[in-house]
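Colleague: One structure coming up, written as structure tokens, with questions to follow.
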Amino acid sequence: MKTILALTDFSKNATHAAAEAFALSGQLRADLLLFNTCISYPANVPYAGAACVADDFLERQTQSKLALEMLTERLGAVGDDLDRSDRIPSVYWQSEDCELALYVRDICRHSNIELIVMGTRDNNKGEFLYGEDTDAVIEHAKRPVLIFPAKTNLKQICKIVFVIDFSEADITALHYLIKLGNILHWQIDVIHVMTVRGEAETVDKHKRAFTEAFAKLRYQRMAYHELSGSGVIAKLQHICKNGTGLLAILHHQHSFFARLFKQSKATDLLISQKLPLLVFPD
């Protein structure tokens with residue numbers, strides 16, 4: 001059975017993201033796995049406070065498991081709000097003593113994880129994109145990562161802006177977006193951002209290959225646009241403000257967008273609006 005993995009630290013944003021992951025699991029007819037990691041302390045630390053440290057760790061493990069059980073029960077109550085056509089997902093939980101990013105890497109290798117969902121940090125103070133933990137998960141994940149900001153409602157998402165660079169991974173990601181679009185009735189705007197002078201000459205070959213593959217896709221609510229010239233960030237920002245609920249990029253564009261938005265004089269799109277972000281692995 002395909003599974004959506006929801007990462008949680010039990011913060012308000014993470015709990016909201018878990019509820020959205022539960023609703024999405026119902027629409028995609030998938031199960032939901034909740035995961036929390038607790039900090040590991042060595043049991044044989046050679047100093048007087050070692051026993052206290054070990055006890056503290058055991059307490060963290062206990063609290064993690066109790067919180068996961070409570071979150072599972074809370075999500076079960078949300079099942080009454082699902083549409084009748086949706087499948088009520090089975091919810092499982094797991095608590096481990098490990099680094100979050102390494103857990104994500106390993107479970108993607110050995111389990112049928114379709115999508116990873118997580119919330120933004122409540123106190124990220126505008127870090128791009130959403131803090132170190134999120135960046136580490138994106139770096140290690142072999143599945144798409146969906147990041148929910150506070151107050152994002154899956155039902156309100158009506159359009160996706162997918163930024164491409166004519167790589168082969170673009171078409172793979174588009175197939176997945178079309179799958180979601182068919183279920184969730186999304187408009188998909190595919191956009192190529194040209195920011196480097198002379199870039200047009202170097203991308204023609206890749207563009208032709210992409211255009212041929214794009215023409216074979218069958219999805220009525222999809223359009224292709226190009227952005228170039230001065231003010232490209234402002235243009236992209238305008239498109240994302242105009243009815244968009246989600247921004248999608250490929251993994252290797254993550255650092256590119258960080259530099260791009262930081263160099264721009266425009267208001268930082270993701271920090272100011274906190275759009276939900278879907279990052280595809282390359």
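A note on labels: chains of the structure tokens are A, B, ... as shown, every chain counts residues from 1, and ligands are counted from 1 in their shown order.
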Might you pull out every residue within 10 Å of range 151-164 of chain A, with only C-alpha atoms counted and same-chain residues fewer than 6 positions away left off, and present them as a ChimeraX atom specification?

Modeller: /A:12-13,16-17,19-21,23-24,119,170-171,173-174,177,181,184-194,210,221-226,236,239-240,242-250,253,274-279

Colleague: Keeping C-alpha atoms, export the residues of the selection given above as a PDB file, in the first residue's frame.

Modeller:
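The new file result-v8.pdb reads:
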ATOM      1  CA  LYS A  12       1.222  23.922  15.756  1.00  0.00           C
ATOM      2  CA  ASN A  13       2.439  24.064  12.154  1.00  0.00           C
ATOM      3  CA  HIS A  16      -1.633  21.325  10.866  1.00  0.00           C
ATOM      4  CA  ALA A  17       0.560  19.720   8.172  1.00  0.00           C
ATOM      5  CA  ALA A  19      -3.999  17.026   9.249  1.00  0.00           C
ATOM      6  CA  GLU A  20      -3.495  18.142   5.636  1.00  0.00           C
ATOM      7  CA  ALA A  21      -1.478  14.981   4.975  1.00  0.00           C
ATOM      8  CA  ALA A  23      -6.833  14.596   4.037  1.00  0.00           C
ATOM      9  CA  LEU A  24      -4.476  14.129   1.090  1.00  0.00           C
ATOM     10  CA  GLY A 119       5.157  21.836   8.275  1.00  0.00           C
ATOM     11  CA  ASP A 170      10.820  18.020 -15.413  1.00  0.00           C
ATOM     12  CA  ILE A 171       8.678  15.585 -17.394  1.00  0.00           C
ATOM     13  CA  ALA A 173       7.615  15.623 -12.136  1.00  0.00           C
ATOM     14  CA  LEU A 174       4.891  16.776 -14.526  1.00  0.00           C
ATOM     15  CA  LEU A 177       1.586  16.806 -10.928  1.00  0.00           C
ATOM     16  CA  GLY A 181      -4.276  17.498 -10.758  1.00  0.00           C
ATOM     17  CA  LEU A 184      -7.580  17.581  -6.988  1.00  0.00           C
ATOM     18  CA  HIS A 185      -8.628  19.531 -10.118  1.00  0.00           C
ATOM     19  CA  TRP A 186      -5.595  21.822 -10.179  1.00  0.00           C
ATOM     20  CA  GLN A 187      -4.531  24.252 -12.885  1.00  0.00           C
ATOM     21  CA  ILE A 188      -0.845  23.696 -13.713  1.00  0.00           C
ATOM     22  CA  ASP A 189       1.245  26.609 -14.970  1.00  0.00           C
ATOM     23  CA  VAL A 190       4.627  25.422 -16.264  1.00  0.00           C
ATOM     24  CA  ILE A 191       7.164  28.249 -16.283  1.00  0.00           C
ATOM     25  CA  HIS A 192      10.727  28.495 -17.501  1.00  0.00           C
ATOM     26  CA  VAL A 193      12.700  31.296 -15.833  1.00  0.00           C
ATOM     27  CA  MET A 194      15.562  32.651 -17.949  1.00  0.00           C
ATOM     28  CA  PHE A 210      11.066  19.167 -23.491  1.00  0.00           C
ATOM     29  CA  ARG A 221      -5.776  22.539 -17.353  1.00  0.00           C
ATOM     30  CA  MET A 222      -2.084  23.077 -18.110  1.00  0.00           C
ATOM     31  CA  ALA A 223      -0.223  25.949 -19.795  1.00  0.00           C
ATOM     32  CA  TYR A 224       3.410  26.809 -20.550  1.00  0.00           C
ATOM     33  CA  HIS A 225       5.004  30.259 -20.097  1.00  0.00           C
ATOM     34  CA  GLU A 226       8.479  31.776 -20.306  1.00  0.00           C
ATOM     35  CA  LEU A 236       7.153  35.265 -11.004  1.00  0.00           C
ATOM     36  CA  ILE A 239       2.014  34.900 -11.126  1.00  0.00           C
ATOM     37  CA  CYS A 240       2.240  33.180  -7.764  1.00  0.00           C
ATOM     38  CA  ASN A 242      -2.613  35.459  -8.765  1.00  0.00           C
ATOM     39  CA  GLY A 243      -4.598  32.506  -7.468  1.00  0.00           C
ATOM     40  CA  THR A 244      -1.716  30.118  -6.828  1.00  0.00           C
ATOM     41  CA  GLY A 245      -1.792  27.724  -3.948  1.00  0.00           C
ATOM     42  CA  LEU A 246       1.504  25.910  -4.483  1.00  0.00           C
ATOM     43  CA  LEU A 247       4.983  26.415  -5.958  1.00  0.00           C
ATOM     44  CA  ALA A 248       6.800  23.339  -7.324  1.00  0.00           C
ATOM     45  CA  ILE A 249      10.521  23.062  -8.114  1.00  0.00           C
ATOM     46  CA  LEU A 250      13.153  20.393  -8.646  1.00  0.00           C
ATOM     47  CA  GLN A 253      16.770  24.368  -8.071  1.00  0.00           C
ATOM     48  CA  LYS A 274       4.710  31.385   2.797  1.00  0.00           C
ATOM     49  CA  LEU A 275       3.430  29.471  -0.205  1.00  0.00           C
ATOM     50  CA  PRO A 276       3.311  25.705   0.155  1.00  0.00           C
ATOM     51  CA  LEU A 277       6.317  24.273  -1.630  1.00  0.00           C
ATOM     52  CA  LEU A 278       6.626  20.925  -3.436  1.00  0.00           C
ATOM     53  CA  VAL A 279      10.236  19.840  -4.090  1.00  0.00           C
TER      54      VAL A 279
END

Colleague: Which of range 160-196 of chain A end up as strand (DSSP E or B) when DSSP is run on this backbone - answer as a VMD selection string?

Modeller: chain A and resid 160 to 164 187 to 193

Colleague: In Å to one decimal, how far is CA of Asp282 in chain A from CA of Leu227 in chain A?

Modeller: 22.4 Å

Colleague: Using CA of Ser11 in chain A and CA of Asp56 in chain A as the two end points, give the distance in Å to one decimal.

Modeller: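 Separation of CA of Ser11 in chain A and CA of Asp56 in chain A: 20.2 Å.
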
Colleague: Applying 9 Å and only C-alpha atoms, which residues near Lys207 in chain A remain after dropping the ones on its own chain fewer than 5 positions away? List them as JSON, numbers by chain.

Modeller: {"A": [165, 166, 167, 212]}

Colleague: Can I get the selection written as an mmCIF file, in the first residue's frame, with N, CA and C atoms?

Modeller:
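Below is the file part15.cif, written as the result:
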data_model
loop_
_atom_site.group_PDB
_atom_site.id
_atom_site.type_symbol
_atom_site.label_atom_id
_atom_site.label_comp_id
_atom_site.auth_asym_id
_atom_site.auth_seq_id
_atom_site.Cartn_x
_atom_site.Cartn_y
_atom_site.Cartn_z
ATOM 1 N N ASP A 165 13.568 23.795 -15.906
ATOM 2 C CA ASP A 165 14.793 24.221 -16.595
ATOM 3 C C ASP A 165 15.120 23.286 -17.764
ATOM 4 N N PHE A 166 14.079 22.619 -18.293
ATOM 5 C CA PHE A 166 14.188 21.739 -19.457
ATOM 6 C C PHE A 166 15.038 20.493 -19.178
ATOM 7 N N SER A 167 15.041 20.007 -17.955
ATOM 8 C CA SER A 167 15.746 18.769 -17.647
ATOM 9 C C SER A 167 14.793 17.593 -17.821
ATOM 10 N N GLU A 212 8.688 18.640 -27.125
ATOM 11 C CA GLU A 212 8.137 17.440 -27.753
ATOM 12 C C GLU A 212 7.466 16.544 -26.710
#

Colleague: Here is a test: counting only C-alpha atoms, which residue of A:Ile138, A:Ala150, A:Ala77, A:Ile113 is nearest to Ala6 in chain A?

Modeller: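 The answer is A:Ile113, which sits nearest to Ala6 in chain A.
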
Colleague: Between A:Ile107, A:Leu71, A:Val78, A:Ala18, which is the closest to Pro149 in chain A once you count only C-alpha atoms?

Modeller: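 Of A:Ile107, A:Leu71, A:Val78, A:Ala18, the one nearest Pro149 in chain A, counting only C-alpha atoms, is A:Ala18.
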
Colleague: If you measure from CA of Ile183 in chain A to CA of Pro144 in chain A, what distance in Å do you get, rounded to one decimal?

Modeller: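 According to the coordinates, CA of Ile183 in chain A and CA of Pro144 in chain A are separated by 17.1 Å.
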
Colleague: Calculated over only C-alpha atoms, which of the candidates A:Leu68, A:Leu58, A:Cys38, A:Leu75 has the smallest distance to Gly26 in chain A?

Modeller: A:Leu75

Colleague: Calculated over only C-alpha atoms, which of the candidates A:Arg29, A:Ala169, A:Ala213, A:Cys108 has the smallest distance to His251 in chain A?

Modeller: A:Ala169
